[in-house]
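Below is data-v2.csv, holding CSV, N, CA and C atoms.
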chain,number,residue,atom,x,y,z
A,18,MET,N,-17.7,0.0,8.5
A,18,MET,CA,-17.0,-1.2,8.8
A,18,MET,C,-15.6,-1.0,9.1
A,19,THR,N,-15.1,0.2,9.4
A,19,THR,CA,-13.7,0.4,9.6
A,19,THR,C,-13.5,0.9,11.0
A,20,ASP,N,-12.4,0.6,11.6
A,20,ASP,CA,-12.1,1.1,12.9
A,20,ASP,C,-11.0,2.2,12.9
A,21,ARG,N,-10.7,2.6,11.7
A,21,ARG,CA,-9.8,3.7,11.4
A,21,ARG,C,-8.4,3.6,12.0
A,22,VAL,N,-7.9,2.4,12.2
A,22,VAL,CA,-6.6,2.2,12.7
A,22,VAL,C,-5.6,2.4,11.5
A,23,ARG,N,-4.7,3.3,11.6
A,23,ARG,CA,-3.8,3.5,10.5
A,23,ARG,C,-2.5,2.8,10.8
A,24,THR,N,-1.9,2.3,9.8
A,24,THR,CA,-0.6,1.6,9.9
A,24,THR,C,0.5,2.6,9.4
A,25,GLN,N,1.7,2.3,9.6
A,25,GLN,CA,2.8,3.1,9.1
A,25,GLN,C,2.7,3.2,7.6
A,26,ASP,N,3.2,4.3,7.1
A,26,ASP,CA,3.2,4.5,5.7
A,26,ASP,C,4.2,3.6,5.0
A,27,GLU,N,3.8,3.0,3.9
A,27,GLU,CA,4.6,2.1,3.2
A,27,GLU,C,4.9,2.9,1.9
A,28,GLY,N,6.1,3.6,1.9
A,28,GLY,CA,6.4,4.5,0.8
A,28,GLY,C,5.5,5.7,0.9
A,29,GLN,N,4.7,6.0,-0.1
A,29,GLN,CA,3.7,7.1,0.0
A,29,GLN,C,2.3,6.7,0.4
A,30,LEU,N,2.1,5.4,0.7
A,30,LEU,CA,0.8,4.9,1.0
A,30,LEU,C,0.5,4.9,2.5
A,31,SER,N,-0.7,5.3,2.9
A,31,SER,CA,-1.1,5.2,4.2
A,31,SER,C,-2.3,4.2,4.3
A,32,PHE,N,-2.1,3.1,5.0
A,32,PHE,CA,-3.1,2.1,5.1
A,32,PHE,C,-4.0,2.3,6.3
A,33,VAL,N,-5.3,1.9,6.1
A,33,VAL,CA,-6.3,1.9,7.1
A,33,VAL,C,-6.8,0.5,7.3
A,34,ARG,N,-6.9,0.0,8.6
A,34,ARG,CA,-7.5,-1.3,8.8
A,34,ARG,C,-9.0,-1.1,8.6
A,35,VAL,N,-9.5,-1.9,7.6
A,35,VAL,CA,-10.9,-1.7,7.3
A,35,VAL,C,-11.8,-2.8,7.9
A,36,CYS,N,-11.3,-4.0,7.9
A,36,CYS,CA,-12.1,-5.1,8.4
A,36,CYS,C,-11.1,-6.3,8.6
A,37,THR,N,-11.7,-7.5,8.9
A,37,THR,CA,-10.9,-8.7,9.0
A,37,THR,C,-11.4,-9.6,7.8
A,38,LEU,N,-10.6,-10.6,7.5
A,38,LEU,CA,-11.0,-11.6,6.5
A,38,LEU,C,-12.3,-12.2,6.8
A,39,ASP,N,-12.6,-12.5,8.1
A,39,ASP,CA,-13.8,-13.1,8.6
A,39,ASP,C,-15.0,-12.2,8.3
A,40,ASP,N,-14.8,-10.9,8.2
A,40,ASP,CA,-15.9,-10.0,7.9
A,40,ASP,C,-16.4,-10.0,6.5
A,41,LEU,N,-15.6,-10.7,5.6
A,41,LEU,CA,-15.9,-10.7,4.2
A,41,LEU,C,-16.7,-12.0,3.9
A,42,PRO,N,-17.6,-12.0,2.9
A,42,PRO,CA,-18.2,-13.2,2.5
A,42,PRO,C,-17.1,-14.1,1.7
A,43,GLN,N,-17.3,-15.4,1.6
A,43,GLN,CA,-16.4,-16.2,0.9
A,43,GLN,C,-16.2,-15.7,-0.5
A,44,VAL,N,-17.3,-15.3,-1.2
A,44,VAL,CA,-17.2,-14.7,-2.5
A,44,VAL,C,-18.3,-13.6,-2.4
A,45,GLY,N,-17.8,-12.3,-2.6
A,45,GLY,CA,-18.8,-11.2,-2.5
A,45,GLY,C,-18.1,-10.0,-2.0
A,46,ALA,N,-18.9,-9.0,-1.8
A,46,ALA,CA,-18.4,-7.6,-1.4
A,46,ALA,C,-19.2,-7.1,-0.2
A,47,VAL,N,-18.5,-6.2,0.5
A,47,VAL,CA,-19.1,-5.4,1.6
A,47,VAL,C,-18.7,-3.9,1.3
A,48,GLN,N,-19.4,-3.0,2.0
A,48,GLN,CA,-19.1,-1.6,1.9
A,48,GLN,C,-18.4,-1.1,3.1
A,49,ALA,N,-17.5,-0.3,2.9
A,49,ALA,CA,-16.8,0.4,4.0
A,49,ALA,C,-16.8,1.9,3.7
A,50,SER,N,-16.8,2.7,4.8
A,50,SER,CA,-16.7,4.2,4.6
A,50,SER,C,-15.6,4.7,5.5
A,51,PHE,N,-14.6,5.4,4.8
A,51,PHE,CA,-13.5,6.0,5.6
A,51,PHE,C,-12.9,7.1,4.7
A,52,ASP,N,-12.3,8.0,5.4
A,52,ASP,CA,-11.7,9.2,4.7
A,52,ASP,C,-12.6,9.8,3.7
A,53,GLY,N,-13.9,9.9,4.0
A,53,GLY,CA,-14.9,10.5,3.1
A,53,GLY,C,-15.2,9.8,1.8
A,54,ARG,N,-14.8,8.5,1.7
A,54,ARG,CA,-15.1,7.7,0.5
A,54,ARG,C,-15.9,6.4,0.9
A,55,LEU,N,-16.8,6.0,0.0
A,55,LEU,CA,-17.4,4.7,0.1
A,55,LEU,C,-16.6,3.7,-0.7
A,56,VAL,N,-16.1,2.7,-0.1
A,56,VAL,CA,-15.2,1.7,-0.8
A,56,VAL,C,-15.9,0.3,-0.7
A,57,ALA,N,-15.8,-0.4,-1.7
A,57,ALA,CA,-16.2,-1.8,-1.7
A,57,ALA,C,-15.0,-2.7,-1.5
A,58,ILE,N,-15.1,-3.6,-0.6
A,58,ILE,CA,-14.0,-4.6,-0.3
A,58,ILE,C,-14.6,-5.9,-0.7
A,59,ALA,N,-14.0,-6.6,-1.7
A,59,ALA,CA,-14.5,-7.8,-2.3
A,59,ALA,C,-13.5,-8.9,-2.3
A,60,ARG,N,-14.0,-10.1,-2.0
A,60,ARG,CA,-13.2,-11.3,-2.1
A,60,ARG,C,-13.7,-12.1,-3.3
A,61,ASP,N,-12.8,-12.5,-4.3
A,61,ASP,CA,-13.2,-13.2,-5.5
A,61,ASP,C,-13.1,-14.7,-5.2
A,62,SER,N,-13.5,-15.5,-6.2
A,62,SER,CA,-13.6,-17.0,-6.0
A,62,SER,C,-12.2,-17.6,-5.8
A,63,SER,N,-11.1,-16.9,-6.1
A,63,SER,CA,-9.8,-17.4,-5.9
A,63,SER,C,-9.3,-17.0,-4.5
A,64,GLY,N,-10.1,-16.2,-3.7
A,64,GLY,CA,-9.7,-15.8,-2.4
A,64,GLY,C,-9.0,-14.4,-2.4
A,65,GLU,N,-8.7,-13.9,-3.5
A,65,GLU,CA,-8.0,-12.6,-3.6
A,65,GLU,C,-9.0,-11.4,-3.1
A,66,VAL,N,-8.4,-10.5,-2.4
A,66,VAL,CA,-9.3,-9.4,-1.8
A,66,VAL,C,-8.9,-8.1,-2.7
A,67,HIS,N,-10.0,-7.4,-3.0
A,67,HIS,CA,-9.9,-6.2,-3.9
A,67,HIS,C,-10.6,-5.1,-3.2
A,68,ALA,N,-10.2,-3.8,-3.5
A,68,ALA,CA,-10.8,-2.7,-2.9
A,68,ALA,C,-11.0,-1.7,-4.1
A,69,PHE,N,-12.2,-1.1,-4.2
A,69,PHE,CA,-12.5,-0.1,-5.2
A,69,PHE,C,-13.6,0.8,-4.8
A,70,ASP,N,-13.7,1.9,-5.5
A,70,ASP,CA,-14.8,2.9,-5.2
A,70,ASP,C,-16.1,2.1,-5.3
A,71,ASP,N,-17.0,2.3,-4.4
A,71,ASP,CA,-18.3,1.6,-4.3
A,71,ASP,C,-19.4,2.3,-5.0
A,72,THR,N,-19.1,3.0,-6.1
A,72,THR,CA,-20.1,3.7,-6.8
A,72,THR,C,-20.0,3.4,-8.3
A,73,CYS,N,-21.0,2.9,-9.0
A,73,CYS,CA,-21.0,2.6,-10.4
A,73,CYS,C,-20.8,3.9,-11.1
A,74,THR,N,-20.0,4.0,-12.1
A,74,THR,CA,-19.7,5.2,-12.8
A,74,THR,C,-20.9,5.5,-13.8
A,75,HIS,N,-21.8,4.5,-14.0
A,75,HIS,CA,-22.9,4.7,-14.9
A,75,HIS,C,-24.1,5.3,-14.2
A,76,ALA,N,-24.4,4.7,-13.1
A,76,ALA,CA,-25.7,5.0,-12.5
A,76,ALA,C,-25.7,5.5,-11.0
A,77,ASN,N,-24.5,5.7,-10.5
A,77,ASN,CA,-24.3,6.2,-9.1
A,77,ASN,C,-25.0,5.3,-8.1
A,78,VAL,N,-24.9,4.0,-8.2
A,78,VAL,CA,-25.4,3.1,-7.2
A,78,VAL,C,-24.3,2.2,-6.6
A,79,SER,N,-24.5,1.5,-5.5
A,79,SER,CA,-23.5,0.8,-4.8
A,79,SER,C,-23.1,-0.5,-5.6
A,80,LEU,N,-21.8,-0.6,-5.9
A,80,LEU,CA,-21.3,-1.9,-6.5
A,80,LEU,C,-21.2,-3.0,-5.6
A,81,SER,N,-21.1,-2.8,-4.3
A,81,SER,CA,-20.9,-3.8,-3.3
A,81,SER,C,-22.2,-4.7,-3.2
A,82,GLU,N,-23.3,-4.2,-3.7
A,82,GLU,CA,-24.5,-5.0,-3.8
A,82,GLU,C,-24.7,-5.8,-5.0
A,83,GLY,N,-23.7,-5.8,-5.9
A,83,GLY,CA,-23.7,-6.5,-7.1
A,83,GLY,C,-23.1,-7.9,-7.0
A,84,ASP,N,-23.1,-8.6,-8.1
A,84,ASP,CA,-22.6,-10.0,-8.1
A,84,ASP,C,-21.2,-10.1,-8.7
A,85,LEU,N,-20.4,-11.0,-8.1
A,85,LEU,CA,-19.0,-11.2,-8.6
A,85,LEU,C,-19.0,-12.4,-9.5
A,86,ASP,N,-18.2,-12.3,-10.5
A,86,ASP,CA,-17.9,-13.4,-11.4
A,86,ASP,C,-16.4,-13.4,-11.7
A,87,GLY,N,-15.6,-14.3,-11.1
A,87,GLY,CA,-14.2,-14.2,-11.3
A,87,GLY,C,-13.7,-12.9,-10.7
A,88,ARG,N,-13.0,-12.2,-11.5
A,88,ARG,CA,-12.5,-10.9,-11.0
A,88,ARG,C,-13.3,-9.7,-11.5
A,89,THR,N,-14.5,-10.0,-11.8
A,89,THR,CA,-15.4,-8.9,-12.3
A,89,THR,C,-16.6,-8.8,-11.3
A,90,ILE,N,-17.0,-7.5,-11.1
A,90,ILE,CA,-18.2,-7.2,-10.4
A,90,ILE,C,-19.2,-6.6,-11.3
A,91,GLU,N,-20.5,-7.0,-11.1
A,91,GLU,CA,-21.6,-6.5,-12.0
A,91,GLU,C,-22.5,-5.6,-11.1
A,92,CYS,N,-22.8,-4.4,-11.7
A,92,CYS,CA,-23.7,-3.5,-11.0
A,92,CYS,C,-25.1,-4.1,-11.1
A,93,TRP,N,-25.8,-4.1,-10.0
A,93,TRP,CA,-27.1,-4.7,-9.9
A,93,TRP,C,-28.2,-4.0,-10.6
A,94,LEU,N,-28.0,-2.7,-10.9
A,94,LEU,CA,-29.1,-1.9,-11.5
A,94,LEU,C,-29.2,-2.1,-13.0
A,95,HIS,N,-28.1,-1.8,-13.8
A,95,HIS,CA,-28.2,-1.9,-15.2
A,95,HIS,C,-27.2,-2.9,-15.8
A,96,GLY,N,-26.5,-3.7,-15.0
A,96,GLY,CA,-25.6,-4.7,-15.5
A,96,GLY,C,-24.2,-4.3,-15.9
A,97,SER,N,-23.8,-3.1,-15.7
A,97,SER,CA,-22.4,-2.7,-16.0
A,97,SER,C,-21.5,-3.6,-15.2
A,98,ARG,N,-20.4,-3.9,-15.9
A,98,ARG,CA,-19.4,-4.8,-15.3
A,98,ARG,C,-18.0,-4.1,-15.2
A,99,PHE,N,-17.3,-4.4,-14.1
A,99,PHE,CA,-16.0,-3.8,-14.0
A,99,PHE,C,-14.9,-4.9,-13.6
A,100,ASP,N,-13.7,-4.7,-14.1
A,100,ASP,CA,-12.6,-5.6,-13.7
A,100,ASP,C,-12.1,-5.0,-12.4
A,101,MET,N,-12.1,-5.9,-11.3
A,101,MET,CA,-11.7,-5.4,-10.0
A,101,MET,C,-10.2,-5.2,-9.8
A,102,THR,N,-9.4,-5.7,-10.8
A,102,THR,CA,-8.0,-5.5,-10.7
A,102,THR,C,-7.5,-4.2,-11.4
A,103,THR,N,-8.3,-3.8,-12.5
A,103,THR,CA,-7.9,-2.6,-13.2
A,103,THR,C,-8.9,-1.4,-13.1
A,104,GLY,N,-10.1,-1.7,-12.7
A,104,GLY,CA,-11.2,-0.7,-12.7
A,104,GLY,C,-11.9,-0.5,-14.0
A,105,GLU,N,-11.4,-1.1,-15.1
A,105,GLU,CA,-11.9,-0.8,-16.4
A,105,GLU,C,-13.3,-1.5,-16.5
A,106,PRO,N,-14.2,-0.8,-17.2
A,106,PRO,CA,-15.5,-1.4,-17.5
A,106,PRO,C,-15.3,-2.5,-18.5
A,107,THR,N,-16.0,-3.6,-18.3
A,107,THR,CA,-15.9,-4.8,-19.2
A,107,THR,C,-17.3,-5.1,-19.8
A,108,GLY,N,-18.3,-4.3,-19.4
A,108,GLY,CA,-19.6,-4.5,-20.0
A,108,GLY,C,-20.4,-3.2,-19.9
A,109,LEU,N,-21.1,-2.9,-20.9
A,109,LEU,CA,-21.9,-1.7,-21.0
A,109,LEU,C,-23.1,-1.8,-20.0
A,110,PRO,N,-23.7,-0.7,-19.6
A,110,PRO,CA,-23.6,0.7,-20.2
A,110,PRO,C,-22.4,1.5,-19.7
A,111,ALA,N,-21.7,1.1,-18.6
A,111,ALA,CA,-20.6,1.9,-18.1
A,111,ALA,C,-19.5,2.0,-19.1
A,112,THR,N,-18.9,3.2,-19.2
A,112,THR,CA,-17.8,3.5,-20.1
A,112,THR,C,-16.6,4.1,-19.4
A,113,GLN,N,-16.8,4.5,-18.1
A,113,GLN,CA,-15.8,5.1,-17.3
A,113,GLN,C,-15.3,4.1,-16.2
A,114,PRO,N,-14.0,4.0,-16.0
A,114,PRO,CA,-13.5,3.1,-15.0
A,114,PRO,C,-13.8,3.5,-13.5
A,115,ILE,N,-13.7,2.6,-12.6
A,115,ILE,CA,-13.8,2.9,-11.2
A,115,ILE,C,-12.4,3.0,-10.6
A,116,ALA,N,-12.2,3.7,-9.5
A,116,ALA,CA,-10.9,3.8,-8.9
A,116,ALA,C,-10.6,2.5,-8.1
A,117,ILE,N,-9.4,2.0,-8.3
A,117,ILE,CA,-8.9,0.8,-7.6
A,117,ILE,C,-8.0,1.3,-6.5
A,118,HIS,N,-8.1,0.6,-5.3
A,118,HIS,CA,-7.3,1.0,-4.1
A,118,HIS,C,-6.4,-0.2,-3.8
A,119,THR,N,-5.3,0.1,-3.1
A,119,THR,CA,-4.3,-0.9,-2.8
A,119,THR,C,-4.7,-1.7,-1.5
A,120,VAL,N,-4.7,-3.0,-1.5
A,120,VAL,CA,-5.0,-3.9,-0.4
A,120,VAL,C,-3.8,-4.5,0.1
A,121,LYS,N,-3.7,-4.6,1.4
A,121,LYS,CA,-2.6,-5.4,2.1
A,121,LYS,C,-3.3,-6.2,3.2
A,122,ILE,N,-2.9,-7.5,3.2
A,122,ILE,CA,-3.4,-8.4,4.3
A,122,ILE,C,-2.3,-8.6,5.3
A,123,GLU,N,-2.6,-8.3,6.6
A,123,GLU,CA,-1.7,-8.6,7.7
A,123,GLU,C,-2.4,-9.5,8.7
A,124,GLY,N,-2.0,-10.7,8.7
A,124,GLY,CA,-2.7,-11.7,9.5
A,124,GLY,C,-4.1,-11.9,9.0
A,125,GLU,N,-5.1,-11.6,9.8
A,125,GLU,CA,-6.5,-11.6,9.4
A,125,GLU,C,-7.0,-10.2,9.1
A,126,ASP,N,-6.2,-9.2,9.2
A,126,ASP,CA,-6.7,-7.8,9.0
A,126,ASP,C,-6.6,-7.4,7.5
A,127,VAL,N,-7.6,-6.7,7.0
A,127,VAL,CA,-7.6,-6.2,5.6
A,127,VAL,C,-7.3,-4.7,5.8
A,128,LEU,N,-6.2,-4.3,5.2
A,128,LEU,CA,-5.8,-2.9,5.2
A,128,LEU,C,-5.9,-2.3,3.7
A,129,VAL,N,-6.4,-1.0,3.7
A,129,VAL,CA,-6.6,-0.4,2.4
A,129,VAL,C,-5.9,1.0,2.4
A,130,ALA,N,-5.2,1.3,1.3
A,130,ALA,CA,-4.7,2.6,1.0
A,130,ALA,C,-5.5,3.2,-0.2
A,131,LEU,N,-6.1,4.3,0.0
A,131,LEU,CA,-6.9,4.9,-1.0
A,131,LEU,C,-6.0,5.5,-2.1
A,132,THR,N,-6.5,5.4,-3.3
A,132,THR,CA,-5.9,6.0,-4.5
A,132,THR,C,-6.4,7.5,-4.5
A,133,ALA,N,-5.5,8.4,-4.8
A,133,ALA,CA,-5.9,9.8,-4.9
A,133,ALA,C,-7.0,10.1,-5.8

With the file now loaded, output its structure as structure tokens.
Amino acid sequence: MTDRVRTQDEGQLSFVRVCTLDDLPQVGAVQASFDGRLVAIARDSSGEVHAFDDTCTHANVSLSEGDLDGRTIECWLHGSRFDMTTGEPTGLPATQPIAIHTVKIEGEDVLVALTA
């Protein structure tokens, strides 16, 4: 879901245009693949867009297929829950956080800078 258009570095961050706001569900997540990573791009019920690694740290399945509740995403397989702003698990069985990435909105474009 990315066209790999890079924008100028903002400090140490290099942003990639991943999708447009119209590509996202009103509330929910989609998967993008770029720079060798699978990333979930999610829009929560308040309209905020989040980006994080798209793999549950408990069971190695796609988080973008899970359900959102506020700023939390739930893994569809075993019910692990993660805070999309911090990456911290908020519900078992996951105990390890997911990586959170920086999102920037420019007009209708969603740009993401990956965390190392």

All residues 7 Å or closer to range 113-130 of chain A, all atoms listed in the file, same chain fewer than 5 positions away omitted, as a list of chain:residue names: A:Leu30, A:Ser31, A:Phe32, A:Val33, A:Arg34, A:Val35, A:Cys36, A:Thr37, A:Leu38, A:Asp39, A:Val66, A:His67, A:Ala68, A:Phe69, A:Asp70, A:Thr72, A:Thr74, A:His75, A:Phe99, A:Met101, A:Thr102, A:Thr103, A:Gly104, A:Glu105, A:Pro106

Residue with smallest distance to Gln48 in chain A - pool A:Ser81, A:Thr89, A:Thr132, A:Ser63, counting only N, CA and C atoms: A:Ser81

Test item: residues at most 5 Å from Gly108 in chain A, all atoms listed in the file, excluding those fewer than 2 positions along its chain, as JSON, numbers by chain: {"A": [97, 98, 106, 110, 111]}

Interatomic distance (Å, one decimal) between atom N of Leu41 in chain A and CA of Leu131 in chain A: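 Separation between atom N of Leu41 in chain A and CA of Leu131 in chain A: 19.0 Å.
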
Ser62 in chain A surroundings by all atoms listed in the file, 7 Å radius, close-in-sequence under 5 positions cut, as a VMD selection string: chain A and resid 43 to 45 86 to 88

All strand (DSSP E or B) residues (DSSP, backbone) inside range 45-81 of chain A, as JSON, numbers by chain: {"A": [45, 46, 47, 48, 49, 50, 51, 54, 55, 56, 57, 58, 59, 60, 66, 67, 68, 69, 70, 72, 79]}

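Using only C-alpha atoms, the contacts of Asp71 in chain A at a cut-off of 7 Å, with sequence neighbours closer than 4 positions omitted, comprise Leu55, Val56, Ala57, Ser79, Leu80 and Ser81 of chain A.
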
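Here CA of Cys73 in chain A is placed at a distance of 11.5 Å from CA of Leu109 in chain A.
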
Nearest to Val78 in chain A by atom-to-atom distance, counting all atoms listed in the file, from A:Arg54, A:Cys92, A:Asp100, A:Arg60: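 Among A:Arg54, A:Cys92, A:Asp100, A:Arg60, it is A:Cys92 that comes nearest to Val78 in chain A.
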
Point-to-point distance in Å for atom C of Ala133 in chain A and atom C of Phe51 in chain A: 12.4 Å

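Across A:Thr112, A:Gly96, A:Ala76, A:Ile90, the tightest approach to Ala46 in chain A is made by A:Ile90 when counting only C-alpha atoms.
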